[in-house]
>>> print(open('target-v8.tsv').read())   # TSV, N, CA and C atoms
chain	number	residue	atom	x	y	z
A	1	TYR	N	10.64	40.32	26.42
A	1	TYR	CA	11.81	40.91	27.05
A	1	TYR	C	12.32	42.08	26.23
A	2	ASP	N	12.93	43.04	26.92
A	2	ASP	CA	13.83	43.97	26.27
A	2	ASP	C	15.23	43.48	26.63
A	3	CYS	N	16.27	44.08	26.05
A	3	CYS	CA	17.61	43.52	26.23
A	3	CYS	C	18.08	43.54	27.69
A	4	SER	N	17.82	44.64	28.40
A	4	SER	CA	18.29	44.70	29.78
A	4	SER	C	17.50	43.74	30.66
A	5	GLY	N	16.21	43.56	30.40
A	5	GLY	CA	15.42	42.60	31.16
A	5	GLY	C	15.90	41.18	30.94
A	6	LEU	N	16.29	40.87	29.71
A	6	LEU	CA	16.82	39.54	29.41
A	6	LEU	C	18.11	39.27	30.16
A	7	VAL	N	18.98	40.27	30.25
A	7	VAL	CA	20.24	40.12	30.97
A	7	VAL	C	20.01	40.09	32.48
A	8	MET	N	19.08	40.89	32.95
A	8	MET	CA	18.81	40.96	34.39
A	8	MET	C	18.34	39.62	34.97
A	9	THR	N	17.52	38.90	34.23
A	9	THR	CA	16.86	37.70	34.77
A	9	THR	C	17.84	36.64	35.27
A	10	PRO	N	18.79	36.16	34.48
A	10	PRO	CA	19.69	35.13	35.02
A	10	PRO	C	20.59	35.67	36.13
A	11	TYR	N	20.96	36.93	36.06
A	11	TYR	CA	21.77	37.50	37.14
A	11	TYR	C	20.98	37.58	38.43
A	12	GLN	N	19.67	37.89	38.35
A	12	GLN	CA	18.84	37.89	39.56
A	12	GLN	C	18.81	36.49	40.18
A	13	HIS	N	18.75	35.46	39.35
A	13	HIS	CA	18.77	34.09	39.86
A	13	HIS	C	20.09	33.77	40.54
A	14	ALA	N	21.14	34.48	40.16
A	14	ALA	CA	22.45	34.29	40.80
A	14	ALA	C	22.63	35.23	42.00
A	15	GLY	N	21.58	36.00	42.34
A	15	GLY	CA	21.64	36.88	43.51
A	15	GLY	C	22.25	38.24	43.22
A	16	ILE	N	22.34	38.61	41.95
A	16	ILE	CA	22.93	39.90	41.57
A	16	ILE	C	21.85	40.75	40.93
A	17	ASN	N	21.56	41.89	41.54
A	17	ASN	CA	20.56	42.80	41.01
A	17	ASN	C	21.22	43.81	40.08
A	18	LEU	N	20.68	43.93	38.90
A	18	LEU	CA	21.20	44.86	37.89
A	18	LEU	C	20.15	45.92	37.60
A	19	PRO	N	20.58	47.10	37.15
A	19	PRO	CA	19.61	48.12	36.75
A	19	PRO	C	18.90	47.70	35.47
A	20	HIS	N	17.69	48.18	35.29
A	20	HIS	CA	16.93	47.87	34.08
A	20	HIS	C	17.24	48.93	33.03
A	21	ASN	N	18.52	49.00	32.65
A	21	ASN	CA	18.97	49.98	31.68
A	21	ASN	C	20.23	49.43	31.01
A	22	ALA	N	20.22	49.31	29.69
A	22	ALA	CA	21.34	48.70	28.97
A	22	ALA	C	22.64	49.46	29.17
A	23	ASP	N	22.61	50.78	29.07
A	23	ASP	CA	23.85	51.54	29.22
A	23	ASP	C	24.41	51.42	30.63
A	24	ALA	N	23.54	51.41	31.64
A	24	ALA	CA	24.01	51.26	33.02
A	24	ALA	C	24.62	49.88	33.24
A	25	ILE	N	23.99	48.83	32.70
A	25	ILE	CA	24.56	47.48	32.81
A	25	ILE	C	25.92	47.44	32.12
A	26	GLY	N	26.02	48.08	30.97
A	26	GLY	CA	27.26	48.08	30.20
A	26	GLY	C	28.43	48.77	30.87
A	27	ARG	N	28.16	49.53	31.92
A	27	ARG	CA	29.24	50.19	32.66
A	27	ARG	C	29.65	49.42	33.91
A	28	LEU	N	28.94	48.35	34.24
A	28	LEU	CA	29.23	47.59	35.45
A	28	LEU	C	30.34	46.57	35.22
A	29	GLY	N	30.83	46.03	36.32
A	29	GLY	CA	31.82	44.96	36.24
A	29	GLY	C	33.12	45.45	35.63
A	30	HIS	N	33.84	44.53	35.05
A	30	HIS	CA	35.10	44.90	34.40
A	30	HIS	C	35.14	44.29	33.00
A	31	ALA	N	35.79	45.01	32.11
A	31	ALA	CA	35.91	44.55	30.72
A	31	ALA	C	36.84	43.35	30.67
A	32	VAL	N	36.51	42.40	29.82
A	32	VAL	CA	37.36	41.24	29.61
A	32	VAL	C	37.59	41.06	28.11
A	33	PRO	N	38.80	40.66	27.73
A	33	PRO	CA	39.05	40.43	26.31
A	33	PRO	C	38.22	39.26	25.79
A	34	ARG	N	37.89	39.32	24.53
A	34	ARG	CA	37.02	38.30	23.92
A	34	ARG	C	37.56	36.89	24.12
A	35	SER	N	38.86	36.73	24.13
A	35	SER	CA	39.45	35.41	24.32
A	35	SER	C	39.14	34.82	25.70
A	36	GLN	N	38.67	35.65	26.64
A	36	GLN	CA	38.36	35.19	27.99
A	36	GLN	C	36.87	35.16	28.29
A	37	TRP	N	36.03	35.43	27.30
A	37	TRP	CA	34.59	35.38	27.53
A	37	TRP	C	34.17	33.98	27.91
A	38	GLN	N	33.25	33.91	28.84
A	38	GLN	CA	32.65	32.66	29.28
A	38	GLN	C	31.14	32.82	29.19
A	39	PRO	N	30.39	31.72	29.14
A	39	PRO	CA	28.94	31.86	29.18
A	39	PRO	C	28.53	32.73	30.37
A	40	GLY	N	27.67	33.69	30.10
A	40	GLY	CA	27.25	34.63	31.13
A	40	GLY	C	27.91	35.98	31.02
A	41	THR	N	28.96	36.08	30.21
A	41	THR	CA	29.58	37.39	29.98
A	41	THR	C	28.57	38.29	29.30
A	42	VAL	N	28.42	39.50	29.82
A	42	VAL	CA	27.53	40.48	29.20
A	42	VAL	C	28.29	41.13	28.05
A	43	ILE	N	27.66	41.19	26.91
A	43	ILE	CA	28.24	41.88	25.76
A	43	ILE	C	27.52	43.21	25.65
A	44	ALA	N	28.26	44.30	25.77
A	44	ALA	CA	27.67	45.63	25.81
A	44	ALA	C	27.95	46.39	24.52
A	45	TYR	N	26.91	46.99	24.03
A	45	TYR	CA	26.95	47.88	22.87
A	45	TYR	C	26.30	49.18	23.31
A	46	PRO	N	26.51	50.28	22.62
A	46	PRO	CA	25.77	51.49	22.98
A	46	PRO	C	24.26	51.23	22.90
A	47	GLY	N	23.58	51.35	24.04
A	47	GLY	CA	22.13	51.17	24.09
A	47	GLY	C	21.64	49.74	24.00
A	48	HIS	N	22.52	48.75	24.12
A	48	HIS	CA	22.11	47.35	23.98
A	48	HIS	C	23.04	46.45	24.77
A	49	VAL	N	22.49	45.38	25.32
A	49	VAL	CA	23.28	44.34	25.99
A	49	VAL	C	22.76	42.98	25.56
A	50	ALA	N	23.64	41.99	25.58
A	50	ALA	CA	23.29	40.61	25.25
A	50	ALA	C	24.14	39.71	26.15
A	51	LEU	N	23.87	38.41	26.12
A	51	LEU	CA	24.63	37.46	26.93
A	51	LEU	C	25.37	36.48	26.03
A	52	TYR	N	26.66	36.33	26.30
A	52	TYR	CA	27.46	35.34	25.60
A	52	TYR	C	27.07	33.96	26.11
A	53	ILE	N	26.87	33.01	25.19
A	53	ILE	CA	26.49	31.65	25.61
A	53	ILE	C	27.53	30.61	25.18
A	54	GLY	N	28.63	31.07	24.58
A	54	GLY	CA	29.67	30.15	24.14
A	54	GLY	C	29.61	29.90	22.65
A	55	GLY	N	30.67	29.35	22.11
A	55	GLY	CA	30.71	28.99	20.70
A	55	GLY	C	30.49	30.15	19.75
A	56	ASN	N	30.95	31.34	20.13
A	56	ASN	CA	30.78	32.56	19.33
A	56	ASN	C	29.30	32.91	19.13
A	57	GLN	N	28.45	32.51	20.09
A	57	GLN	CA	27.01	32.79	20.01
A	57	GLN	C	26.58	33.64	21.20
A	58	MET	N	25.55	34.44	20.99
A	58	MET	CA	24.98	35.23	22.07
A	58	MET	C	23.46	35.13	21.99
A	59	VAL	N	22.82	35.36	23.13
A	59	VAL	CA	21.36	35.43	23.17
A	59	VAL	C	21.01	36.89	23.41
A	60	GLU	N	20.02	37.36	22.66
A	60	GLU	CA	19.63	38.75	22.78
A	60	GLU	C	18.13	38.92	22.57
A	61	ALA	N	17.63	40.01	23.12
A	61	ALA	CA	16.28	40.49	22.84
A	61	ALA	C	16.51	41.73	21.98
A	62	PRO	N	16.33	41.62	20.66
A	62	PRO	CA	16.72	42.72	19.78
A	62	PRO	C	15.98	44.03	20.05
A	63	HIS	N	14.72	43.94	20.47
A	63	HIS	CA	13.95	45.12	20.88
A	63	HIS	C	12.67	44.62	21.55
A	64	PRO	N	12.05	45.46	22.38
A	64	PRO	CA	10.84	45.01	23.06
A	64	PRO	C	9.80	44.51	22.06
A	65	GLY	N	9.21	43.38	22.38
A	65	GLY	CA	8.18	42.80	21.53
A	65	GLY	C	8.72	41.81	20.51
A	66	ALA	N	10.03	41.81	20.26
A	66	ALA	CA	10.64	40.85	19.32
A	66	ALA	C	10.98	39.57	20.08
A	67	ARG	N	11.10	38.49	19.36
A	67	ARG	CA	11.46	37.21	19.97
A	67	ARG	C	12.92	37.22	20.39
A	68	VAL	N	13.18	36.62	21.53
A	68	VAL	CA	14.56	36.40	21.98
A	68	VAL	C	15.20	35.45	20.99
A	69	ARG	N	16.46	35.71	20.65
A	69	ARG	CA	17.10	34.89	19.63
A	69	ARG	C	18.57	34.64	19.96
A	70	VAL	N	19.08	33.56	19.39
A	70	VAL	CA	20.50	33.24	19.47
A	70	VAL	C	21.10	33.60	18.12
A	71	VAL	N	22.17	34.40	18.17
A	71	VAL	CA	22.82	34.88	16.94
A	71	VAL	C	24.34	34.86	17.15
A	72	PRO	N	25.10	34.90	16.04
A	72	PRO	CA	26.55	35.01	16.18
A	72	PRO	C	26.91	36.33	16.87
A	73	VAL	N	27.99	36.31	17.62
A	73	VAL	CA	28.45	37.51	18.31
A	73	VAL	C	28.90	38.54	17.28
A	74	ARG	N	28.44	39.76	17.50
A	74	ARG	CA	28.97	40.91	16.74
A	74	ARG	C	30.03	41.55	17.62
A	75	SER	N	30.68	42.55	17.12
A	75	SER	CA	31.66	43.23	17.96
A	75	SER	C	30.94	43.83	19.16
A	76	GLY	N	31.62	44.00	20.23
A	76	GLY	CA	31.05	44.56	21.45
A	76	GLY	C	32.07	44.40	22.56
A	77	VAL	N	31.78	44.98	23.71
A	77	VAL	CA	32.68	44.91	24.86
A	77	VAL	C	32.14	43.87	25.82
A	78	GLY	N	32.93	42.86	26.12
A	78	GLY	CA	32.53	41.87	27.11
A	78	GLY	C	32.74	42.41	28.50
A	79	ARG	N	31.74	42.25	29.36
A	79	ARG	CA	31.81	42.72	30.74
A	79	ARG	C	31.52	41.53	31.64
A	80	TRP	N	32.40	41.28	32.60
A	80	TRP	CA	32.20	40.20	33.55
A	80	TRP	C	31.62	40.82	34.81
A	81	LEU	N	30.42	40.40	35.21
A	81	LEU	CA	29.72	40.99	36.33
A	81	LEU	C	29.69	40.12	37.57
A	82	LEU	N	30.05	38.86	37.43
A	82	LEU	CA	30.04	37.98	38.61
A	82	LEU	C	31.27	38.20	39.44
A	83	PRO	N	31.14	38.09	40.77
A	83	PRO	CA	32.32	38.29	41.64
A	83	PRO	C	33.37	37.22	41.44
>>> encode(input="target-v8.tsv", output="structure tokens")
Amino acid sequence: YDCSGLVMTPYQHAGINLPHNADAIGRLGHAVPRSQWQPGTVIAYPGHVALYIGGNQMVEAPHPGARVRVVPVRSGVGRWLLP
């Protein structure tokens, strides 16, 4: 996976099609404060997106060809994309 592909996959299962571009995904939905993040919140960084999974953890594909990993959340903008 690359980061946008990793984020796209669960949203596709929920019936939501996202662009295969991190910056485009990061502009969708609406920003939510960190205190309101829920599992599935997209965390957007310039050129990168990840998914919040709860407990101050996120899942990310750091770059194409690297293993998907769970890491502590770094700073970023949470975006809620579900209706």
>>> residues_around(input="target-v8.tsv", residues="stretch 57-72 of chain A", least_positions_apart="4", cutoff="7 Å", atoms="only N, CA and C atoms", output="PDB file with N, CA and C atoms, in the coordinates of the input")
ATOM      1  N   TYR A   1      10.640  40.320  26.420  1.00  0.00           N
ATOM      2  CA  TYR A   1      11.810  40.910  27.050  1.00  0.00           C
ATOM      3  C   TYR A   1      12.320  42.080  26.230  1.00  0.00           C
ATOM      4  N   ASP A   2      12.930  43.040  26.920  1.00  0.00           N
ATOM      5  CA  ASP A   2      13.830  43.970  26.270  1.00  0.00           C
ATOM      6  C   ASP A   2      15.230  43.480  26.630  1.00  0.00           C
ATOM      7  N   CYS A   3      16.270  44.080  26.050  1.00  0.00           N
ATOM      8  CA  CYS A   3      17.610  43.520  26.230  1.00  0.00           C
ATOM      9  C   CYS A   3      18.080  43.540  27.690  1.00  0.00           C
ATOM     10  N   LEU A   6      16.290  40.870  29.710  1.00  0.00           N
ATOM     11  CA  LEU A   6      16.820  39.540  29.410  1.00  0.00           C
ATOM     12  C   LEU A   6      18.110  39.270  30.160  1.00  0.00           C
ATOM     13  N   VAL A  49      22.490  45.380  25.320  1.00  0.00           N
ATOM     14  CA  VAL A  49      23.280  44.340  25.990  1.00  0.00           C
ATOM     15  C   VAL A  49      22.760  42.980  25.560  1.00  0.00           C
ATOM     16  N   ALA A  50      23.640  41.990  25.580  1.00  0.00           N
ATOM     17  CA  ALA A  50      23.290  40.610  25.250  1.00  0.00           C
ATOM     18  C   ALA A  50      24.140  39.710  26.150  1.00  0.00           C
ATOM     19  N   LEU A  51      23.870  38.410  26.120  1.00  0.00           N
ATOM     20  CA  LEU A  51      24.630  37.460  26.930  1.00  0.00           C
ATOM     21  C   LEU A  51      25.370  36.480  26.030  1.00  0.00           C
ATOM     22  N   TYR A  52      26.660  36.330  26.300  1.00  0.00           N
ATOM     23  CA  TYR A  52      27.460  35.340  25.600  1.00  0.00           C
ATOM     24  C   TYR A  52      27.070  33.960  26.110  1.00  0.00           C
ATOM     25  N   ILE A  53      26.870  33.010  25.190  1.00  0.00           N
ATOM     26  CA  ILE A  53      26.490  31.650  25.610  1.00  0.00           C
ATOM     27  C   ILE A  53      27.530  30.610  25.180  1.00  0.00           C
TER      28      ILE A  53
END
>>> residues_around(input="target-v8.tsv", residues="A:Gly78", least_positions_apart="2", cutoff="5 Å", atoms="all atoms listed in the file", output="list in words")
Ala31, Val32, Val42, Ile43, Ala44, Gly76 and Trp80 of chain A
>>> select_by_dssp(input="target-v8.tsv", residues="chain A", states="alpha helix (DSSP H)", output="list in words")
Cys3, Ser4, Gly5, Leu6, Val7, Met8, Thr9, Pro10, Tyr11, Gln12, His13, Ala22, Asp23, Ala24, Ile25 and Gly26 of chain A
>>> closest_residue(input="target-v8.tsv", among="A:Gly26, A:Pro19, A:Gly5, A:Pro33", to="A:Tyr45", atoms="only N, CA and C atoms")
A:Gly26
>>> select_by_dssp(input="target-v8.tsv", residues="chain A", states="strand (DSSP E or B)", output="VMD selection string")
chain A and resid 30 to 32 42 to 45 48 to 54 57 to 60 69 to 72 77 to 80
>>> atom_distance(input="target-v8.tsv", atom1="atom C of A:Gly54", atom2="atom N of A:Ser75")
13.8 Å
>>> atom_distance(input="target-v8.tsv", atom1="atom CA of A:Ser35", atom2="atom CA of A:Asn56")
10.4 Å
>>> closest_residue(input="target-v8.tsv", among="A:Gly55, A:His30, A:Gly47, A:Ala14", to="A:Leu81", atoms="only N, CA and C atoms")
A:His30
>>> closest_residue(input="target-v8.tsv", among="A:His48, A:Val77, A:Met8, A:Pro39", to="A:His20", atoms="only N, CA and C atoms")
A:Met8
>>> atom_distance(input="target-v8.tsv", atom1="atom C of A:Thr41", atom2="atom CA of A:Val7")
8.7 Å
>>> closest_residue(input="target-v8.tsv", among="A:Thr9, A:Gly29, A:Asn21, A:Ser4", to="A:Arg79", atoms="all atoms listed in the file")
A:Gly29
>>> decode(input="target-v8.tsv", residues="stretch 39-59 of chain A", atoms="N, CA and C atoms", output="tab-separated table (two decimals), in the first residue's frame")
chain	number	residue	atom	x	y	z
A	39	PRO	N	-12.19	6.19	15.73
A	39	PRO	CA	-11.60	5.28	14.75
A	39	PRO	C	-12.18	5.54	13.36
A	40	GLY	N	-11.30	5.65	12.39
A	40	GLY	CA	-11.72	5.96	11.02
A	40	GLY	C	-11.47	7.39	10.63
A	41	THR	N	-11.17	8.25	11.61
A	41	THR	CA	-10.82	9.63	11.28
A	41	THR	C	-9.54	9.62	10.46
A	42	VAL	N	-9.55	10.35	9.35
A	42	VAL	CA	-8.35	10.47	8.52
A	42	VAL	C	-7.47	11.54	9.15
A	43	ILE	N	-6.21	11.23	9.32
A	43	ILE	CA	-5.24	12.20	9.82
A	43	ILE	C	-4.44	12.66	8.61
A	44	ALA	N	-4.50	13.94	8.31
A	44	ALA	CA	-3.88	14.48	7.11
A	44	ALA	C	-2.65	15.31	7.46
A	45	TYR	N	-1.63	15.05	6.71
A	45	TYR	CA	-0.36	15.79	6.77
A	45	TYR	C	-0.07	16.24	5.34
A	46	PRO	N	0.78	17.22	5.13
A	46	PRO	CA	1.15	17.55	3.75
A	46	PRO	C	1.75	16.32	3.06
A	47	GLY	N	1.08	15.85	2.01
A	47	GLY	CA	1.57	14.72	1.23
A	47	GLY	C	1.40	13.36	1.88
A	48	HIS	N	0.63	13.25	2.96
A	48	HIS	CA	0.48	11.97	3.66
A	48	HIS	C	-0.86	11.92	4.37
A	49	VAL	N	-1.44	10.73	4.43
A	49	VAL	CA	-2.66	10.50	5.22
A	49	VAL	C	-2.51	9.19	5.98
A	50	ALA	N	-3.19	9.09	7.10
A	50	ALA	CA	-3.20	7.89	7.93
A	50	ALA	C	-4.59	7.77	8.53
A	51	LEU	N	-4.86	6.65	9.20
A	51	LEU	CA	-6.17	6.44	9.84
A	51	LEU	C	-6.00	6.32	11.35
A	52	TYR	N	-6.80	7.09	12.07
A	52	TYR	CA	-6.83	6.99	13.52
A	52	TYR	C	-7.54	5.70	13.89
A	53	ILE	N	-6.97	4.93	14.83
A	53	ILE	CA	-7.60	3.67	15.24
A	53	ILE	C	-7.97	3.68	16.72
A	54	GLY	N	-7.76	4.81	17.40
A	54	GLY	CA	-8.10	4.91	18.81
A	54	GLY	C	-6.86	4.79	19.69
A	55	GLY	N	-7.00	5.17	20.94
A	55	GLY	CA	-5.92	5.03	21.90
A	55	GLY	C	-4.65	5.77	21.53
A	56	ASN	N	-4.80	6.92	20.87
A	56	ASN	CA	-3.66	7.72	20.41
A	56	ASN	C	-2.78	6.96	19.41
A	57	GLN	N	-3.38	6.02	18.67
A	57	GLN	CA	-2.64	5.22	17.68
A	57	GLN	C	-3.23	5.46	16.29
A	58	MET	N	-2.37	5.32	15.28
A	58	MET	CA	-2.82	5.42	13.90
A	58	MET	C	-2.17	4.30	13.10
A	59	VAL	N	-2.82	3.94	12.00
A	59	VAL	CA	-2.25	2.97	11.08
A	59	VAL	C	-1.85	3.76	9.83
